[in-house]
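Undergrad: For reference, the structure I am asking about is given below.
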Amino acid sequence: MIERADTAAQMVVSLARLLRDGETVFFGVASPIPMVAALLARRLHAPNLVILTIAGGVSPLPEHLPASTVDPALLHGARAQVTLTDIFDLSARGRLDTAFLGGVQIDDQGRINMSAIGDFDRPKVRLPGGAGSAAIMPTARRTILWRTRHDPRTFVETLGFVTAAGNVEHVVTPLCVFGRAVGRPGEGVGRRTGGLAAGDADTVNGDVGSAVAGGAGGGLAVESIHASSGADEVRVQTGFAVHVGPETPTTPPPSDAERAALRDLDPENVAATELRGR
Amino acid sequence: MLDKRRSLADAVATIEDGAVVALGGNTLHRAPVAAVHELVRQGKRGLELVKTAGAYDVDLLCGWGCASAVSAGFVGYESVFGLAPLYRRAVESGLVEAREHACYTVIAGLRAAAQGVPFMPVNALQGSQLPQARDFRTVRDPYTDGEVMAIPAIAPDVALIHVHEADAEGNGRIVGSHFEDALMVRAAKWVILTAERIVDGAQFAQDPERTTIPGFLVDSVVEAPRGAWPTSCAGLYDYDADYLAQFIAAAADEGMLRRFVEEHVLAGAVSPHSPAPSPTVGREGDRPTVLPSPASGRGAGGEGRPEGRW
């Protein structure tokens, strides 16, 4: 139990530190760890964070944290309300800064499988589906993935199915933080216009979201390893090749200030519900 | 004024086997469960379900043999209870076709239907294998010659929507999260509203902007107190974590599932916490409209919380 709470705390603070003050950030269904991370970042270093959720409340101040992350409890304290349609449209026109998304399987390009193991039409395992990820990953300015499991069946060389691909910039796991170079509008990598399909590099009006169709931004590299893990474990538990060694930095553990804010924000430890049954 | 009030059984009886059925709400929240349970009781077959993100509603209709296809972006009980076991088994055994979408492409298809056009261009799905798997095609942009992803229209035969309040004409009001319900109402050919309570619509004239479902788009209205149970209804009740846990446990075994559904759904699906029927049920009363505050209820049950602390 202690260990699970520590893992959740490390993942929450790792995600929260990646958020920038003033940006727009979205999390969707089944996302307790990103929910807590976004609310924590707003308390600590990003007071002007614009937090968008499927429940619709803009930058809510929930009285208690729900285990379901589309719960209407996430309307409390919000001064404006939007719909999921509004959020998708925002991303499609290139105005969503950061999306938190998950993946049952993740490859070394940060592409995800949320659809099926085995044949798509007659799968061995039918997965829940990618929710919004196939729409948001290619169009949000950056995507930060999180996954509560880090093993060779999760971080794979080849996905069973590519549900979504796009501008994945970081992946946070119970063991480490991966980083990846992302092309963004104006940076000349995978620049696309709104409405253009994958594989079409025409640019009509470059102010619309970029669409790196997976791969154009480079591969995942281990940025830091959590203090609770080590280079050997990360290497063994990752199904694709990673370069790690004694020189790989250690993720700073949660600071006293982060821990205190977290205790206050999430006293019932909703973030750790994601680590149940692991 | 047209009185569109019907019994739940009569309203749901208009739905034919094989119909395309849009379900309002999102995952554990404000799903139209009273109507879904009636679909089960009436033994509907071959339904195609349309939803951005479904849970108990989709799972039950797949597990009980009512559905043959699901067009959705996500089906699962979030991280609260995980995968939807009956949906999963039905797809894996070939009984139900998973017509996977991104939630945005469900919305795009509904928008196309609402706007009377055959498809909706979207800026989405780049790098995804969903277009190949689902035969989503591109069209040429006639102005720039670019290629645009085009999602075919989704025109549900019927939308099932649960609201907090409605009047006899079908004017409907939702408190809290609206999800994509208003869009479903506009895309569907037939709309059945279930409402926590039916009130005198004259009072809606004080603030008509809160009536996001206009009655002229609605065909049937059913009074269904606790009609979203075991999913939540903002400000009134939370999702029923105990019931959902029992349902998911029963789903592990066919005999257990049959007994569970017989007891909780076929027998009439009365929530264990239902208040006694109000004497004004089914009539337009003069009760005042006191809408609950959307976020006043606890959003998540104390059940299922971990014992651990930071």
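Letters for chains follow the order of the structure tokens (A, B, ...), residue numbers begin at 1 for each chain, and ligand numbers begin at 1 in the order shown.
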Taking 6 positions as the minimum chain separation for residues in the same chain, which residues sit within 6 Å of stretch 172-180 of chain B when counting only C-alpha atoms? Answer as number ranges by chain.
TA: A: 55, 72; B: 25, 163-166, 211, 213, 234, 294
Undergrad: So that I can see what lies close to stretch 114-118 of chain B, please list as JSON, numbers by chain the residues with an atom at most 10 Å from it, counting only C-alpha atoms and leaving out residues fewer than 4 positions away in the same chain.
TA: {"B": [108, 109, 110, 150, 151, 152, 153, 154, 155, 183, 184, 185, 186, 187, 188, 189]}
Undergrad: For stretch 192-198 of chain B, find every residue with an atom within 8 Å (counting only C-alpha atoms), except residues of its own chain fewer than 2 positions away, and show them as a CSV table (one decimal) with N, CA and C atoms, in the first residue's frame.
TA:
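The resulting file, result12.csv, is reproduced below:
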```
chain,number,residue,atom,x,y,z
B,11,ALA,N,-43.2,3.6,-24.6
B,11,ALA,CA,-42.2,4.4,-25.3
B,11,ALA,C,-41.1,3.5,-26.0
B,12,VAL,N,-40.6,2.6,-25.2
B,12,VAL,CA,-39.5,1.7,-25.7
B,12,VAL,C,-40.1,0.7,-26.7
B,32,PRO,N,-28.9,6.5,-19.9
B,32,PRO,CA,-30.4,6.3,-19.8
B,32,PRO,C,-30.8,4.9,-19.4
B,34,ALA,N,-32.9,3.5,-17.2
B,34,ALA,CA,-34.3,3.0,-17.2
B,34,ALA,C,-34.7,2.5,-18.5
B,35,ALA,N,-34.4,3.2,-19.6
B,35,ALA,CA,-34.8,2.8,-20.9
B,35,ALA,C,-34.0,1.6,-21.4
B,158,VAL,N,-33.1,6.2,-33.0
B,158,VAL,CA,-33.7,6.7,-31.8
B,158,VAL,C,-32.5,7.2,-30.8
B,159,ALA,N,-32.8,8.3,-30.1
B,159,ALA,CA,-31.8,8.6,-29.0
B,159,ALA,C,-32.6,8.5,-27.7
B,160,LEU,N,-31.9,7.8,-26.8
B,160,LEU,CA,-32.4,7.7,-25.4
B,160,LEU,C,-31.6,8.6,-24.5
B,161,ILE,N,-32.3,9.5,-23.9
B,161,ILE,CA,-31.7,10.6,-23.1
B,161,ILE,C,-32.3,10.7,-21.8
B,162,HIS,N,-31.5,10.7,-20.7
B,162,HIS,CA,-32.1,10.9,-19.4
B,162,HIS,C,-31.8,12.3,-18.9
B,163,VAL,N,-32.8,13.0,-18.4
B,163,VAL,CA,-32.7,14.4,-18.0
B,163,VAL,C,-33.2,14.6,-16.6
B,164,HIS,N,-32.9,15.7,-16.0
B,164,HIS,CA,-33.3,15.9,-14.6
B,164,HIS,C,-34.8,16.3,-14.6
B,165,GLU,N,-35.2,17.1,-15.5
B,165,GLU,CA,-36.6,17.6,-15.5
B,165,GLU,C,-37.1,17.7,-17.0
B,166,ALA,N,-38.4,17.4,-17.1
B,166,ALA,CA,-39.0,17.6,-18.4
B,166,ALA,C,-40.4,18.0,-18.2
B,167,ASP,N,-41.0,18.6,-19.2
B,167,ASP,CA,-42.5,18.9,-19.1
B,167,ASP,C,-43.2,17.9,-20.1
B,168,ALA,N,-44.5,17.9,-20.1
B,168,ALA,CA,-45.2,16.9,-20.8
B,168,ALA,C,-45.0,17.0,-22.3
B,170,GLY,N,-42.0,17.6,-23.6
B,170,GLY,CA,-40.7,17.1,-24.0
B,170,GLY,C,-39.6,18.1,-23.8
B,172,GLY,N,-36.7,19.6,-22.1
B,172,GLY,CA,-35.9,18.9,-21.1
B,172,GLY,C,-34.7,19.7,-20.6
B,190,TRP,N,-35.8,9.9,-33.9
B,190,TRP,CA,-36.8,9.8,-32.9
B,190,TRP,C,-36.2,10.0,-31.5
B,200,ASP,N,-44.5,21.1,-14.5
B,200,ASP,CA,-45.3,22.0,-15.3
B,200,ASP,C,-44.4,22.9,-16.1
B,218,VAL,N,-38.6,16.3,-29.5
B,218,VAL,CA,-38.8,15.1,-28.6
B,218,VAL,C,-40.1,14.4,-29.0
B,219,ASP,N,-40.1,13.0,-29.0
B,219,ASP,CA,-41.3,12.3,-29.4
B,219,ASP,C,-42.0,11.7,-28.2
B,220,SER,N,-41.3,11.2,-27.2
B,220,SER,CA,-41.9,10.6,-26.0
B,220,SER,C,-41.2,11.1,-24.8
B,221,VAL,N,-42.0,11.3,-23.7
B,221,VAL,CA,-41.4,11.7,-22.4
B,221,VAL,C,-41.9,10.7,-21.4
B,222,VAL,N,-41.0,10.2,-20.6
B,222,VAL,CA,-41.3,9.2,-19.6
B,222,VAL,C,-40.8,9.6,-18.2
B,223,GLU,N,-41.7,9.6,-17.2
B,223,GLU,CA,-41.2,10.0,-15.9
B,223,GLU,C,-40.5,8.7,-15.3
B,224,ALA,N,-39.2,8.9,-15.0
B,224,ALA,CA,-38.4,7.8,-14.5
B,224,ALA,C,-37.5,8.2,-13.4
B,225,PRO,N,-38.0,8.3,-12.1
B,225,PRO,CA,-37.2,8.7,-11.0
B,225,PRO,C,-36.0,7.7,-10.9
B,226,ARG,N,-34.9,8.2,-10.6
B,226,ARG,CA,-33.6,7.4,-10.5
B,226,ARG,C,-33.4,6.7,-11.8
B,227,GLY,N,-33.8,7.3,-12.9
B,227,GLY,CA,-33.7,6.6,-14.2
B,227,GLY,C,-32.3,6.5,-14.8
B,281,VAL,N,-46.8,11.6,-9.4
B,281,VAL,CA,-46.1,10.9,-10.6
B,281,VAL,C,-47.1,10.8,-11.7
B,282,GLY,N,-46.7,11.2,-12.9
B,282,GLY,CA,-47.5,11.0,-14.1
B,282,GLY,C,-48.5,12.1,-14.3
B,283,ARG,N,-48.5,13.1,-13.4
B,283,ARG,CA,-49.4,14.2,-13.6
B,283,ARG,C,-48.6,15.5,-13.5
B,284,GLU,N,-49.1,16.5,-14.2
B,284,GLU,CA,-48.4,17.7,-14.1
B,284,GLU,C,-48.8,18.4,-12.7
```
Undergrad: Between A:Val12, A:Ile87, A:Val171, A:Ala134, which is the closest to chain B once you count only C-alpha atoms?
TA: A:Ala134
Undergrad: B:Ala19: which residues within 12 Å, counting only C-alpha atoms, same-chain residues fewer than 5 positions away excluded, as a short mmCIF file (atom, residue, chain, number, x, y, z; two decimals) with N, CA and C atoms, in the first residue's frame?
TA:
```cif
data_model
loop_
_atom_site.label_atom_id
_atom_site.label_comp_id
_atom_site.auth_asym_id
_atom_site.auth_seq_id
_atom_site.Cartn_x
_atom_site.Cartn_y
_atom_site.Cartn_z
N VAL B 12 -40.63 2.56 -25.22
CA VAL B 12 -39.54 1.71 -25.71
C VAL B 12 -40.06 0.70 -26.75
N ALA B 13 -41.36 0.39 -26.68
CA ALA B 13 -41.93 -0.56 -27.65
C ALA B 13 -41.86 -0.02 -29.08
N THR B 14 -41.69 1.30 -29.24
CA THR B 14 -41.60 1.86 -30.59
C THR B 14 -40.25 1.55 -31.25
N LEU B 39 -35.29 -2.02 -22.69
CA LEU B 39 -34.86 -2.72 -23.91
C LEU B 39 -34.58 -4.19 -23.59
N LYS B 44 -35.18 -6.86 -27.02
CA LYS B 44 -34.77 -6.32 -28.32
C LYS B 44 -33.52 -7.05 -28.82
N ARG B 45 -33.40 -7.13 -30.13
CA ARG B 45 -32.27 -7.82 -30.73
C ARG B 45 -31.66 -6.97 -31.85
N GLY B 46 -30.36 -7.16 -32.06
CA GLY B 46 -29.69 -6.59 -33.23
C GLY B 46 -29.50 -5.08 -33.20
N LEU B 47 -29.52 -4.49 -32.01
CA LEU B 47 -29.36 -3.05 -31.93
C LEU B 47 -27.93 -2.64 -32.25
N GLU B 48 -27.77 -1.49 -32.91
CA GLU B 48 -26.45 -0.87 -33.02
C GLU B 48 -26.42 0.29 -32.05
N LEU B 49 -25.49 0.23 -31.09
CA LEU B 49 -25.41 1.26 -30.06
C LEU B 49 -24.43 2.35 -30.48
N VAL B 50 -24.79 3.59 -30.21
CA VAL B 50 -23.95 4.74 -30.53
C VAL B 50 -23.69 5.52 -29.25
N CYS B 66 -28.79 -8.11 -26.77
CA CYS B 66 -29.65 -7.10 -27.40
C CYS B 66 -28.93 -6.35 -28.52
N ALA B 67 -27.60 -6.26 -28.41
CA ALA B 67 -26.84 -5.46 -29.37
C ALA B 67 -26.04 -6.36 -30.30
N SER B 68 -25.87 -5.92 -31.53
CA SER B 68 -25.00 -6.64 -32.45
C SER B 68 -23.84 -5.78 -32.93
N ALA B 69 -23.86 -4.49 -32.64
CA ALA B 69 -22.75 -3.62 -33.02
C ALA B 69 -22.69 -2.44 -32.05
N VAL B 70 -21.47 -1.96 -31.84
CA VAL B 70 -21.26 -0.81 -30.95
C VAL B 70 -20.36 0.20 -31.66
N ALA B 155 -26.89 8.64 -38.16
CA ALA B 155 -28.26 9.13 -37.91
C ALA B 155 -28.99 8.07 -37.10
N PRO B 156 -28.96 8.18 -35.78
CA PRO B 156 -29.62 7.16 -34.96
C PRO B 156 -31.12 7.10 -35.25
N ASP B 157 -31.66 5.88 -35.25
CA ASP B 157 -33.11 5.75 -35.36
C ASP B 157 -33.78 6.34 -34.13
N VAL B 158 -33.11 6.22 -33.00
CA VAL B 158 -33.68 6.75 -31.77
C VAL B 158 -32.54 7.17 -30.85
N ALA B 159 -32.76 8.25 -30.11
CA ALA B 159 -31.84 8.65 -29.03
C ALA B 159 -32.57 8.47 -27.71
N ALA B 188 -30.84 12.39 -34.15
CA ALA B 188 -31.69 11.19 -34.18
C ALA B 188 -33.03 11.46 -34.86
N LYS B 189 -33.60 10.36 -35.40
CA LYS B 189 -34.90 10.47 -36.08
C LYS B 189 -36.06 10.44 -35.08
N TRP B 190 -35.80 9.95 -33.88
CA TRP B 190 -36.84 9.78 -32.87
C TRP B 190 -36.16 9.97 -31.52
#
```
Undergrad: How many Å separate atom CA of B:Ala124 from atom CA of A:Ala116?
TA: 20.0 Å
Undergrad: Find, counting only C-alpha atoms, the residue in A:Val125, A:Val242, A:Ala46, A:Val168 that gets nearest to chain B.
TA: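 Residue with the minimum atom-to-atom distance to chain B: A:Val125.
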Undergrad: Let me make sure I understand: among A:Gly230, A:Pro254, A:Pro138, A:Gly160, which one has the smallest atom-to-atom distance to chain B if we use only C-alpha atoms?
TA: A:Pro138
Undergrad: What does the structure give for the distance between atom CA of A:Ile117 and atom CA of B:Glu97, in Å to one decimal?
TA: 15.2 Å
Undergrad: Identify, with DSSP run on backbone atoms, the residues in stretch 28-214 of chain A assigned to helix (DSSP H, G or I), and express the list as a PyMOL selection string.
TA: chain A and resi 32-44+72-75+84-92+133-136
Undergrad: Leaving out stretch 76-78 of chain A and any residue of its chain fewer than 5 positions from it, which residues lie within 6 Å of it when counting only C-alpha atoms, given as a PyMOL selection string?
TA: (chain A and resi 57-62) or (chain B and resi 295)
Undergrad: Hey, which of A:Pro174, A:Arg180, A:Val162, A:Pro252 ends up closest to A:Arg4? Count only C-alpha atoms.
TA: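 Smallest separation from A:Arg4 among the options: A:Pro174.
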Undergrad: When you count only C-alpha atoms, which of these residues is closest to B:Cys103: B:Met1, B:Val122, B:Ala53, B:Ile15?
TA: B:Ala53
Undergrad: For the atom pair atom CA of A:Trp146 and atom CA of A:Thr7, what is the interatomic distance in Å to one decimal place?
TA: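 Interatomic distance, atom CA of A:Trp146 to atom CA of A:Thr7: 12.5 Å.
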Undergrad: DSSP says strand (DSSP E or B) for which residues of stretch 53-284 of chain B? Put them as an MDAnalysis selection string?
TA: chainID B and resid 53:54 67:76 83 97:100 119:122 137:140 147:152 158:166 172:173 191:198 213 220:223 232:233 237
Undergrad: With only C-alpha atoms as the basis for distance, which of B:Ala251, B:Val21, B:Ala182, B:Ile107 is at the shortest distance from chain A?
TA: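 Using only C-alpha atoms, chain A sits closest to B:Ile107.
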Undergrad: Within 8 Å of B:Arg88, counting only C-alpha atoms, which residues qualify if same-chain residues fewer than 3 places away don't, as a PDB file with C-alpha atoms, in the first residue's frame?
TA:
```pdb
ATOM      1  CA  VAL A 125      -8.540  -9.317 -26.328  1.00  0.00           C
ATOM      2  CA  ARG A 126     -10.909  -6.479 -27.064  1.00  0.00           C
ATOM      3  CA  LEU A 127      -9.566  -3.350 -25.354  1.00  0.00           C
TER       4      LEU A 127
ATOM      5  CA  LEU B  83     -12.761  -3.265 -18.722  1.00  0.00           C
ATOM      6  CA  ALA B  84     -16.375  -4.005 -19.620  1.00  0.00           C
ATOM      7  CA  PRO B  85     -16.405  -7.817 -19.335  1.00  0.00           C
ATOM      8  CA  VAL B  91     -16.759  -8.872 -29.313  1.00  0.00           C
ATOM      9  CA  GLU B  92     -14.139 -11.575 -28.812  1.00  0.00           C
TER      10      GLU B  92
END
```
Undergrad: I'd like the contact shell of B:Ala252 - 10 Å cut-off, only C-alpha atoms, skipping same-chain residues fewer than 4 positions apart - returned as a list in words.
TA: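 The residues satisfying every condition are Pro85, Leu86, Arg89, Phe247, Ile248, Met256 and Leu257 of chain B.
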